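Participant: Next up, start-v3.cif (mmCIF, C-alpha atoms).
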data_my_file
loop_
_atom_site.group_PDB
_atom_site.id
_atom_site.type_symbol
_atom_site.label_atom_id
_atom_site.label_comp_id
_atom_site.auth_asym_id
_atom_site.auth_seq_id
_atom_site.Cartn_x
_atom_site.Cartn_y
_atom_site.Cartn_z
ATOM 1 C CA MET A 1 -262.862 53.641 -6.552
ATOM 2 C CA SER A 2 -261.434 51.034 -8.935
ATOM 3 C CA GLU A 3 -260.388 47.523 -7.804
ATOM 4 C CA SER A 4 -256.760 48.438 -8.166
ATOM 5 C CA GLU A 5 -257.097 51.361 -5.802
ATOM 6 C CA SER A 6 -257.516 51.278 -2.063
ATOM 7 C CA PRO A 7 -257.017 53.831 0.700
ATOM 8 C CA SER A 8 -253.805 53.678 2.654
ATOM 9 C CA SER A 9 -253.900 51.883 6.002
ATOM 10 C CA GLU A 10 -251.085 54.161 7.117
ATOM 11 C CA SER A 11 -253.425 57.155 6.949
ATOM 12 C CA SER A 12 -256.383 55.304 8.518
ATOM 13 C CA GLY A 13 -254.787 54.752 11.917
ATOM 14 C CA ALA A 14 -254.984 50.960 11.541
ATOM 15 C CA THR A 15 -252.434 49.010 13.569
ATOM 16 C CA TYR A 16 -252.214 46.172 11.069
ATOM 17 C CA LYS A 17 -251.570 46.424 7.340
ATOM 18 C CA ARG A 18 -252.503 42.835 6.439
ATOM 19 C CA VAL A 19 -254.790 40.617 8.517
ATOM 20 C CA LEU A 20 -255.895 37.006 8.347
ATOM 21 C CA LEU A 21 -259.478 36.783 9.581
ATOM 22 C CA LYS A 22 -260.601 33.322 10.718
ATOM 23 C CA LEU A 23 -264.371 32.831 10.493
ATOM 24 C CA SER A 24 -265.846 29.642 11.896
ATOM 25 C CA GLY A 25 -268.739 27.919 10.204
ATOM 26 C CA ASN A 26 -270.923 29.245 13.042
ATOM 27 C CA SER A 27 -270.433 32.738 11.602
ATOM 28 C CA PHE A 28 -272.629 31.740 8.665
ATOM 29 C CA CYS A 29 -275.757 30.873 10.633
ATOM 30 C CA ARG A 30 -277.773 31.886 13.691
ATOM 31 C CA SER A 31 -276.697 30.619 17.100
ATOM 32 C CA GLY A 32 -277.838 27.049 17.648
ATOM 33 C CA GLU A 33 -278.746 26.550 13.999
ATOM 34 C CA SER A 34 -276.984 25.108 10.952
ATOM 35 C CA GLY A 35 -276.851 25.860 7.248
ATOM 36 C CA ILE A 36 -276.406 29.383 5.882
ATOM 37 C CA THR A 37 -278.366 32.414 7.052
ATOM 38 C CA MET A 38 -277.658 35.211 4.609
ATOM 39 C CA ALA A 39 -278.617 37.871 7.148
ATOM 40 C CA GLU A 40 -275.696 36.680 9.301
ATOM 41 C CA VAL A 41 -273.349 36.519 6.313
ATOM 42 C CA SER A 42 -274.370 40.018 5.219
ATOM 43 C CA SER A 43 -273.763 41.373 8.721
ATOM 44 C CA VAL A 44 -270.230 39.949 8.763
ATOM 45 C CA SER A 45 -269.673 41.289 5.243
ATOM 46 C CA GLN A 46 -270.549 44.832 6.307
ATOM 47 C CA GLN A 47 -267.969 44.638 9.102
ATOM 48 C CA ILE A 48 -265.351 43.390 6.665
ATOM 49 C CA ARG A 49 -266.280 46.159 4.229
ATOM 50 C CA ARG A 50 -265.656 48.810 6.881
ATOM 51 C CA ILE A 51 -262.121 47.590 7.670
ATOM 52 C CA HIS A 52 -261.414 47.101 3.957
ATOM 53 C CA ASP A 53 -262.426 50.714 3.348
ATOM 54 C CA THR A 54 -259.667 51.839 5.734
ATOM 55 C CA GLY A 55 -257.056 50.268 3.452
ATOM 56 C CA VAL A 56 -256.351 47.158 5.508
ATOM 57 C CA GLU A 57 -255.550 44.096 3.392
ATOM 58 C CA VAL A 58 -257.902 41.261 4.359
ATOM 59 C CA ALA A 59 -257.572 37.532 3.770
ATOM 60 C CA ILE A 60 -260.241 35.247 5.217
ATOM 61 C CA VAL A 61 -260.165 31.553 6.087
ATOM 62 C CA CYS A 62 -263.626 30.130 6.666
ATOM 63 C CA GLY A 63 -264.705 26.959 8.424
ATOM 64 C CA GLY A 64 -267.552 24.696 7.374
ATOM 65 C CA GLY A 65 -269.011 23.329 10.596
ATOM 66 C CA ASN A 66 -272.382 24.929 9.925
ATOM 67 C CA ILE A 67 -272.772 22.481 7.029
ATOM 68 C CA LEU A 68 -270.573 19.518 7.887
ATOM 69 C CA ARG A 69 -267.638 18.988 10.224
ATOM 70 C CA GLY A 70 -265.477 16.221 8.775
ATOM 71 C CA ARG A 71 -264.053 14.946 12.047
ATOM 72 C CA ASP A 72 -267.475 14.644 13.697
ATOM 73 C CA PHE A 73 -269.076 13.150 10.596
ATOM 74 C CA ALA A 74 -266.406 10.461 10.425
ATOM 75 C CA ALA A 75 -266.931 9.588 14.089
ATOM 76 C CA PHE A 76 -270.639 8.940 13.619
ATOM 77 C CA SER A 77 -270.561 7.244 10.211
ATOM 78 C CA ALA A 78 -269.680 3.593 9.812
ATOM 79 C CA THR A 79 -269.681 3.786 6.013
ATOM 80 C CA ILE A 80 -267.733 6.999 5.308
ATOM 81 C CA ASN A 81 -263.964 6.711 5.590
ATOM 82 C CA PRO A 82 -262.351 9.438 7.740
ATOM 83 C CA PRO A 83 -260.357 10.977 4.836
ATOM 84 C CA THR A 84 -263.558 11.178 2.767
ATOM 85 C CA ALA A 85 -265.385 12.846 5.644
ATOM 86 C CA HIS A 86 -262.619 15.425 5.931
ATOM 87 C CA TYR A 87 -262.776 16.174 2.201
ATOM 88 C CA MET A 88 -266.539 16.632 2.554
ATOM 89 C CA GLY A 89 -265.876 19.144 5.330
ATOM 90 C CA MET A 90 -263.409 20.992 3.105
ATOM 91 C CA LEU A 91 -266.041 21.270 0.379
ATOM 92 C CA ALA A 92 -268.426 22.729 2.965
ATOM 93 C CA THR A 93 -265.975 25.592 3.486
ATOM 94 C CA CYS A 94 -266.125 26.274 -0.258
ATOM 95 C CA ILE A 95 -269.914 26.620 -0.092
ATOM 96 C CA ASN A 96 -269.480 29.162 2.699
ATOM 97 C CA GLY A 97 -266.791 30.921 0.695
ATOM 98 C CA LEU A 98 -269.092 31.329 -2.292
ATOM 99 C CA ALA A 99 -271.840 32.795 -0.098
ATOM 100 C CA LEU A 100 -269.394 35.199 1.542
ATOM 101 C CA GLN A 101 -267.918 36.250 -1.795
ATOM 102 C CA ASP A 102 -271.305 37.248 -3.188
ATOM 103 C CA ALA A 103 -272.261 39.033 0.033
ATOM 104 C CA LEU A 104 -269.013 41.033 -0.009
ATOM 105 C CA GLU A 105 -269.329 41.965 -3.666
ATOM 106 C CA ASN A 106 -272.952 42.976 -3.066
ATOM 107 C CA ALA A 107 -271.549 45.307 -0.395
ATOM 108 C CA GLY A 108 -269.165 46.792 -2.953
ATOM 109 C CA VAL A 109 -266.013 44.945 -1.924
ATOM 110 C CA PRO A 110 -263.861 43.435 -4.727
ATOM 111 C CA THR A 111 -263.345 39.826 -3.707
ATOM 112 C CA ARG A 112 -261.581 36.692 -4.899
ATOM 113 C CA LEU A 113 -262.272 33.135 -3.762
ATOM 114 C CA GLN A 114 -259.290 30.781 -3.773
ATOM 115 C CA THR A 115 -259.450 27.109 -2.843
ATOM 116 C CA ALA A 116 -256.874 24.512 -1.858
ATOM 117 C CA ILE A 117 -258.843 21.909 -3.838
ATOM 118 C CA ARG A 118 -258.938 22.828 -7.502
ATOM 119 C CA MET A 119 -262.380 23.770 -8.826
ATOM 120 C CA GLU A 120 -261.688 26.334 -11.540
ATOM 121 C CA GLY A 121 -265.339 26.575 -12.534
ATOM 122 C CA VAL A 122 -266.151 28.476 -9.337
ATOM 123 C CA ALA A 123 -262.867 29.624 -7.780
ATOM 124 C CA GLU A 124 -259.189 30.246 -8.369
ATOM 125 C CA PRO A 125 -256.659 27.736 -7.050
ATOM 126 C CA PHE A 126 -254.700 29.012 -4.071
ATOM 127 C CA ILE A 127 -251.398 30.367 -5.361
ATOM 128 C CA ARG A 128 -249.481 32.344 -2.769
ATOM 129 C CA ARG A 129 -248.083 35.000 -5.086
ATOM 130 C CA ARG A 130 -251.455 35.527 -6.768
ATOM 131 C CA CYS A 131 -253.141 35.818 -3.377
ATOM 132 C CA VAL A 132 -250.642 38.430 -2.219
ATOM 133 C CA ARG A 133 -251.076 40.373 -5.457
ATOM 134 C CA HIS A 134 -254.848 40.442 -4.987
ATOM 135 C CA LEU A 135 -254.353 41.811 -1.468
ATOM 136 C CA GLU A 136 -251.958 44.474 -2.725
ATOM 137 C CA LYS A 137 -254.588 45.528 -5.280
ATOM 138 C CA GLY A 138 -257.162 46.032 -2.548
ATOM 139 C CA ARG A 139 -259.158 42.836 -3.029
ATOM 140 C CA VAL A 140 -260.399 40.724 -0.149
ATOM 141 C CA VAL A 141 -259.300 37.107 -0.636
ATOM 142 C CA ILE A 142 -261.357 34.238 0.777
ATOM 143 C CA LEU A 143 -259.303 31.083 1.285
ATOM 144 C CA ALA A 144 -261.428 27.931 1.333
ATOM 145 C CA ALA A 145 -260.926 24.143 1.460
ATOM 146 C CA GLY A 146 -258.508 24.359 4.383
ATOM 147 C CA THR A 147 -255.049 23.157 3.394
ATOM 148 C CA GLY A 148 -256.418 20.694 0.852
ATOM 149 C CA SER A 149 -255.367 17.746 3.023
ATOM 150 C CA PRO A 150 -257.465 15.706 5.465
ATOM 151 C CA PHE A 151 -256.916 15.663 9.235
ATOM 152 C CA VAL A 152 -255.957 19.348 9.312
ATOM 153 C CA THR A 153 -258.259 21.886 10.957
ATOM 154 C CA THR A 154 -259.203 25.206 9.413
ATOM 155 C CA ASP A 155 -257.514 26.849 12.419
ATOM 156 C CA THR A 156 -254.233 25.309 11.306
ATOM 157 C CA ALA A 157 -255.039 26.323 7.728
ATOM 158 C CA ALA A 158 -255.489 29.904 8.958
ATOM 159 C CA ALA A 159 -252.122 29.856 10.727
ATOM 160 C CA LEU A 160 -250.373 28.385 7.680
ATOM 161 C CA ARG A 161 -251.921 30.880 5.295
ATOM 162 C CA ALA A 162 -251.017 33.714 7.661
ATOM 163 C CA ARG A 163 -247.400 32.582 7.488
ATOM 164 C CA GLU A 164 -247.489 32.225 3.714
ATOM 165 C CA ILE A 165 -248.937 35.669 3.007
ATOM 166 C CA GLU A 166 -246.937 37.308 5.839
ATOM 167 C CA ALA A 167 -250.003 38.565 7.699
ATOM 168 C CA ASP A 168 -249.435 40.850 10.669
ATOM 169 C CA VAL A 169 -252.037 39.123 12.843
ATOM 170 C CA VAL A 170 -254.577 36.309 12.952
ATOM 171 C CA LEU A 171 -258.005 37.563 14.028
ATOM 172 C CA LYS A 172 -260.140 34.721 15.356
ATOM 173 C CA ALA A 173 -263.781 35.817 15.267
ATOM 174 C CA THR A 174 -265.894 34.040 17.884
ATOM 175 C CA ARG A 175 -269.115 34.462 19.849
ATOM 176 C CA VAL A 176 -267.266 34.935 23.155
ATOM 177 C CA ASP A 177 -265.354 38.024 24.247
ATOM 178 C CA GLY A 178 -261.954 36.416 24.661
ATOM 179 C CA ILE A 179 -260.054 33.547 26.266
ATOM 180 C CA TYR A 180 -260.937 32.356 29.759
ATOM 181 C CA SER A 181 -259.149 30.066 32.204
ATOM 182 C CA ASP A 182 -262.236 27.833 32.118
ATOM 183 C CA ASP A 183 -265.691 27.755 30.566
ATOM 184 C CA PRO A 184 -267.326 30.914 32.003
ATOM 185 C CA GLU A 185 -270.794 29.398 31.554
ATOM 186 C CA LYS A 186 -269.867 26.478 33.812
ATOM 187 C CA ASN A 187 -267.388 28.170 36.146
ATOM 188 C CA PRO A 188 -268.384 31.616 37.488
ATOM 189 C CA HIS A 189 -264.832 32.042 38.793
ATOM 190 C CA ALA A 190 -263.244 31.660 35.359
ATOM 191 C CA VAL A 191 -260.737 34.434 34.663
ATOM 192 C CA LYS A 192 -260.615 36.270 31.354
ATOM 193 C CA TYR A 193 -257.176 36.972 29.932
ATOM 194 C CA SER A 194 -256.491 40.251 28.165
ATOM 195 C CA ASP A 195 -253.033 39.027 27.126
ATOM 196 C CA ILE A 196 -251.532 35.562 27.275
ATOM 197 C CA SER A 197 -248.443 33.910 25.802
ATOM 198 C CA PHE A 198 -248.447 31.059 23.318
ATOM 199 C CA GLN A 199 -246.625 28.944 25.890
ATOM 200 C CA GLU A 200 -249.333 29.498 28.514
ATOM 201 C CA VAL A 201 -252.112 28.643 26.080
ATOM 202 C CA LEU A 202 -250.370 25.360 25.270
ATOM 203 C CA LYS A 203 -249.451 24.637 28.886
ATOM 204 C CA GLN A 204 -253.012 25.182 30.126
ATOM 205 C CA ASP A 205 -254.453 23.387 27.088
ATOM 206 C CA LEU A 206 -256.844 26.262 26.470
ATOM 207 C CA LYS A 207 -259.169 25.500 23.575
ATOM 208 C CA VAL A 208 -258.396 28.578 21.499
ATOM 209 C CA MET A 209 -256.949 27.009 18.370
ATOM 210 C CA ASP A 210 -255.384 23.586 18.021
ATOM 211 C CA ALA A 211 -251.760 23.091 19.033
ATOM 212 C CA GLN A 212 -250.504 22.961 15.436
ATOM 213 C CA ALA A 213 -251.990 26.376 14.715
ATOM 214 C CA MET A 214 -250.464 27.777 17.900
ATOM 215 C CA HIS A 215 -247.023 26.445 17.027
ATOM 216 C CA HIS A 216 -247.153 27.933 13.520
ATOM 217 C CA CYS A 217 -248.041 31.386 14.854
ATOM 218 C CA MET A 218 -245.486 31.131 17.664
ATOM 219 C CA GLU A 219 -242.677 30.154 15.273
ATOM 220 C CA GLN A 220 -243.412 33.117 13.016
ATOM 221 C CA ASN A 221 -244.269 35.471 15.902
ATOM 222 C CA ILE A 222 -247.728 36.201 14.482
ATOM 223 C CA PRO A 223 -250.077 37.342 17.261
ATOM 224 C CA ILE A 224 -253.611 35.958 17.542
ATOM 225 C CA VAL A 225 -256.506 38.098 18.737
ATOM 226 C CA VAL A 226 -259.636 36.262 19.890
ATOM 227 C CA PHE A 227 -262.673 38.540 20.009
ATOM 228 C CA ASN A 228 -266.470 38.666 19.785
ATOM 229 C CA TYR A 229 -267.268 39.639 16.203
ATOM 230 C CA GLN A 230 -271.000 39.972 16.973
ATOM 231 C CA LYS A 231 -270.510 43.114 19.041
ATOM 232 C CA GLU A 232 -270.914 46.018 16.645
ATOM 233 C CA GLY A 233 -267.635 47.748 15.839
ATOM 234 C CA ASN A 234 -265.377 45.154 17.477
ATOM 235 C CA LEU A 235 -263.635 44.119 14.268
ATOM 236 C CA GLU A 236 -262.802 47.716 13.463
ATOM 237 C CA ARG A 237 -261.544 48.342 16.986
ATOM 238 C CA VAL A 238 -259.343 45.238 16.921
ATOM 239 C CA VAL A 239 -257.793 46.314 13.619
ATOM 240 C CA ALA A 240 -257.220 49.782 15.079
ATOM 241 C CA GLY A 241 -255.241 48.189 17.928
ATOM 242 C CA GLU A 242 -257.747 48.666 20.740
ATOM 243 C CA LYS A 243 -257.708 46.210 23.649
ATOM 244 C CA ILE A 244 -260.594 44.018 22.533
ATOM 245 C CA GLY A 245 -260.852 40.337 23.468
ATOM 246 C CA THR A 246 -257.627 38.438 24.199
ATOM 247 C CA ARG A 247 -254.274 38.832 22.502
ATOM 248 C CA VAL A 248 -252.034 35.751 22.272
ATOM 249 C CA GLY A 249 -248.399 36.493 21.574
#
Write out the structure in this file as structure tokens.
Facilitator:
Amino acid sequence: MSESESPSSESSGATYKRVLLKLSGNSFCRSGESGITMAEVSSVSQQIRRIHDTGVEVAIVCGGGNILRGRDFAAFSATINPPTAHYMGMLATCINGLALQDALENAGVPTRLQTAIRMEGVAEPFIRRRCVRHLEKGRVVILAAGTGSPFVTTDTAAALRAREIEADVVLKATRVDGIYSDDPEKNPHAVKYSDISFQEVLKQDLKVMDAQAMHHCMEQNIPIVVFNYQKEGNLERVVAGEKIGTRVG
């Protein structure tokens, strides 16, 4: 199959035509570790390949916490200014994006890396119309460097990009199976939500995505699905519309 061809999502049974997948930096390494573990990246890439093969258009926003989290770095460094620390964190997402791009292309998935900070030697600049055209041609687009501005999380970047490219849903890949009323590891009575409204997430101050991200998705009526990407087949089931994880909408 050529890059310009992709199967139709209408014939695949997929619920969503275009998805924005949010991968945290933790997706790029083993639990409790840091850096990049290519076995983990390759595993995620195979899952992405399977939904791409159904004809679903996939854009990905990746975090960089496995390498450096700007906010935390600024808090512990007396010599690095907070804006600088945030830019360093944005560059970490580009490193992850490069690793993911090669892993996806090794799996046979045509991929483009776009960044909010210009670095033409390794990636395209993020241009909305170009990004949408890549998606229409069946290419997975990785969106790195957040929004290009400091003091903005990659969760908010994911929500903004979802609005810009008119994604049908934001899929937040995590290592837990959904949203709970409290930390289930600390509170055995914590309740898991299968569905919850944006207003309730904000009211209860549930740590799903930051408030800015929630407001962006709520304003555009873009649902968010929080799910455990490590369980085999979950990403495919979420895209197919199965009740996996927690849906915010």
Participant: Would you translate the PyMOL selection byres ((chain A and resi 86) around 9) into the concrete set of residues it matches in this file, as a list in words?
Facilitator: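 Answer for the PyMOL selection byres ((chain A and resi 86) around 9): Arg69, Gly70, Arg71, Phe73, Ala74, Asn81, Pro82, Pro83, Thr84, Ala85, Tyr87, Met88, Gly89, Met90, Leu91, Ser149, Pro150, Phe151 and Val152 of chain A.
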Participant: Limited to C-alpha atoms, could you put the picked residues into a file as a PDB file, keeping the file's coordinate frame?
Facilitator:
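Final output, again.pdb:
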ATOM      1  CA  ARG A  69    -267.638  18.988  10.224  1.00  0.00           C
ATOM      2  CA  GLY A  70    -265.477  16.221   8.775  1.00  0.00           C
ATOM      3  CA  ARG A  71    -264.053  14.946  12.047  1.00  0.00           C
ATOM      4  CA  PHE A  73    -269.076  13.150  10.596  1.00  0.00           C
ATOM      5  CA  ALA A  74    -266.406  10.461  10.425  1.00  0.00           C
ATOM      6  CA  ASN A  81    -263.964   6.711   5.590  1.00  0.00           C
ATOM      7  CA  PRO A  82    -262.351   9.438   7.740  1.00  0.00           C
ATOM      8  CA  PRO A  83    -260.357  10.977   4.836  1.00  0.00           C
ATOM      9  CA  THR A  84    -263.558  11.178   2.767  1.00  0.00           C
ATOM     10  CA  ALA A  85    -265.385  12.846   5.644  1.00  0.00           C
ATOM     11  CA  TYR A  87    -262.776  16.174   2.201  1.00  0.00           C
ATOM     12  CA  MET A  88    -266.539  16.632   2.554  1.00  0.00           C
ATOM     13  CA  GLY A  89    -265.876  19.144   5.330  1.00  0.00           C
ATOM     14  CA  MET A  90    -263.409  20.992   3.105  1.00  0.00           C
ATOM     15  CA  LEU A  91    -266.041  21.270   0.379  1.00  0.00           C
ATOM     16  CA  SER A 149    -255.367  17.746   3.023  1.00  0.00           C
ATOM     17  CA  PRO A 150    -257.465  15.706   5.465  1.00  0.00           C
ATOM     18  CA  PHE A 151    -256.916  15.663   9.235  1.00  0.00           C
ATOM     19  CA  VAL A 152    -255.957  19.348   9.312  1.00  0.00           C
TER      20      VAL A 152
END
Participant: Could you give me, as a ChimeraX atom specification, the residues within 12 Å of Glu57 of chain A, counting only C-alpha atoms and dropping anything in the same chain fewer than 4 positions from it?
Facilitator: /A:5-10,14-21,48-53,109-111,131-142,165-169,239
Participant: Compile the contact shell of Asp195 of chain A as a count of residues only: residues with an atom at most 9 Å away, counting all atoms listed in the file, same-chain residues fewer than 4 positions apart removed.
Facilitator: 6
Participant: Starting from the displayed file, determine the output of the PyMOL selection byres ((chain A and resi 198) around 7) and express the residue list as a count of residues only.
Facilitator: 10
Participant: In terms of the shortest atom-to-atom distance over only C-alpha atoms, which of A:Thr156, A:Ser42, A:Gln230, A:Thr93 is closest to Thr174 of chain A?
Facilitator: A:Gln230
Participant: In file coordinates, which residues lie within 6 Å of (-259.2, 24.6, 0.3) using all atoms listed in the file, given as number ranges by chain?
Facilitator: A: 115-117, 144-148
Participant: Near Gln47 of chain A, counting only C-alpha atoms, which residues have an atom at most 8 Å away, once you skip same-chain residues fewer than 3 positions from it, shown as a VMD selection string?
Facilitator: chain A and resid 43 to 44 50 to 51 233 235 to 236
Participant: Kindly give the distance, in Å, that separates atom CA of Ile67 of chain A and atom CA of Ala92 of chain A, rounded to a single decimal.
Facilitator: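 If I compute the distance from atom CA of Ile67 of chain A to atom CA of Ala92 of chain A, I get 6.0 Å.
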Participant: List the residues matched by the PyMOL selection byres ((chain A and resi 98) around 12) in the displayed structure as a PyMOL selection string, ordered by chain and then by residue number.
Facilitator: chain A and resi 28+36+38+41+62+64+91-97+99-105+111-115+121-124+141-145
Participant: Would you kindly return, as a ChimeraX atom specification, each protein, DNA or RNA residue with an atom no farther than 10 Å from any atom of Asp183 of chain A, considering only C-alpha atoms and excluding same-chain residues fewer than 4 positions away?
Facilitator: /A:179,187-192,206-207
Participant: Between atom CA of Asp205 of chain A and atom CA of Asn234 of chain A, what distance in Å does the model show, to one decimal?
Facilitator: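 Distance between the two atoms: 26.2 Å.
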Participant: Could you put an axis-aligned box around every listed atom of segment 49-55 of chain A, padded by 8 Å on each side, and send me its centre and edge lengths in Å to one decimal, as JSON?
Facilitator:
{"center_x": -261.7, "center_y": 49.0, "center_z": 5.5, "size_x": 25.2, "size_y": 21.7, "size_z": 20.3}
Participant: Tell me, in Å to one decimal, how far atom CA of Ser31 of chain A is from atom CA of Gly65 of chain A.
Facilitator: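 Spanning atom CA of Ser31 of chain A to atom CA of Gly65 of chain A is a straight-line distance of 12.4 Å.
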Participant: Looking at all atoms listed in the file, which of A:Ala107, A:Leu68, A:Cys29, A:Ala162 is the one that sits closest to Arg128 of chain A?
Facilitator: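 Smallest distance to Arg128 of chain A is found for A:Ala162.
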Participant: If you count only C-alpha atoms, which residues fall within 10 Å of Val226 of chain A, apart from same-chain ones fewer than 3 positions away, as a VMD selection string?
Facilitator: chain A and resid 22 170 to 179 194 208 to 209 223 229 238 244 to 248
Participant: Considering all atoms listed in the file, can you say which of A:Arg161, A:Ile222, A:Thr153, A:Gly25 comes closest to Ala59 of chain A?
Facilitator: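 Among the listed residues, the smallest separation from Ala59 of chain A belongs to A:Arg161.
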Participant: Saving segment 43-55 of chain A with N, CA and C atoms, as a PDB file, in the first residue's frame, what would that file be?
Facilitator:
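The new file result36.pdb reads:
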ATOM      1  N   SER A  43       6.579  -1.564  21.301  1.00  0.00           N
ATOM      2  CA  SER A  43       5.285  -2.138  21.682  1.00  0.00           C
ATOM      3  C   SER A  43       4.152  -1.152  21.416  1.00  0.00           C
ATOM      4  N   VAL A  44       4.352   0.101  21.801  1.00  0.00           N
ATOM      5  CA  VAL A  44       3.347   1.139  21.536  1.00  0.00           C
ATOM      6  C   VAL A  44       3.164   1.313  20.028  1.00  0.00           C
ATOM      7  N   SER A  45       4.265   1.267  19.293  1.00  0.00           N
ATOM      8  CA  SER A  45       4.206   1.455  17.840  1.00  0.00           C
ATOM      9  C   SER A  45       3.373   0.379  17.166  1.00  0.00           C
ATOM     10  N   GLN A  46       3.489  -0.856  17.641  1.00  0.00           N
ATOM     11  CA  GLN A  46       2.693  -1.944  17.059  1.00  0.00           C
ATOM     12  C   GLN A  46       1.204  -1.719  17.295  1.00  0.00           C
ATOM     13  N   GLN A  47       0.848  -1.195  18.465  1.00  0.00           N
ATOM     14  CA  GLN A  47      -0.559  -0.890  18.737  1.00  0.00           C
ATOM     15  C   GLN A  47      -1.063   0.215  17.812  1.00  0.00           C
ATOM     16  N   ILE A  48      -0.233   1.236  17.630  1.00  0.00           N
ATOM     17  CA  ILE A  48      -0.604   2.328  16.739  1.00  0.00           C
ATOM     18  C   ILE A  48      -0.737   1.822  15.307  1.00  0.00           C
ATOM     19  N   ARG A  49       0.181   0.946  14.907  1.00  0.00           N
ATOM     20  CA  ARG A  49       0.116   0.377  13.554  1.00  0.00           C
ATOM     21  C   ARG A  49      -1.212  -0.325  13.316  1.00  0.00           C
ATOM     22  N   ARG A  50      -1.678  -1.076  14.313  1.00  0.00           N
ATOM     23  CA  ARG A  50      -2.921  -1.837  14.131  1.00  0.00           C
ATOM     24  C   ARG A  50      -4.126  -0.920  13.958  1.00  0.00           C
ATOM     25  N   ILE A  51      -4.193   0.203  14.691  1.00  0.00           N
ATOM     26  CA  ILE A  51      -5.344   1.098  14.479  1.00  0.00           C
ATOM     27  C   ILE A  51      -5.163   1.882  13.180  1.00  0.00           C
ATOM     28  N   HIS A  52      -3.923   2.197  12.831  1.00  0.00           N
ATOM     29  CA  HIS A  52      -3.675   2.881  11.554  1.00  0.00           C
ATOM     30  C   HIS A  52      -4.115   2.008  10.389  1.00  0.00           C
ATOM     31  N   ASP A  53      -3.878   0.707  10.500  1.00  0.00           N
ATOM     32  CA  ASP A  53      -4.237  -0.216   9.422  1.00  0.00           C
ATOM     33  C   ASP A  53      -5.744  -0.302   9.205  1.00  0.00           C
ATOM     34  N   THR A  54      -6.539   0.121  10.199  1.00  0.00           N
ATOM     35  CA  THR A  54      -7.992   0.109  10.025  1.00  0.00           C
ATOM     36  C   THR A  54      -8.485   1.354   9.278  1.00  0.00           C
ATOM     37  N   GLY A  55      -7.577   2.298   9.027  1.00  0.00           N
ATOM     38  CA  GLY A  55      -7.969   3.515   8.325  1.00  0.00           C
ATOM     39  C   GLY A  55      -8.198   4.705   9.211  1.00  0.00           C
TER      40      GLY A  55
END
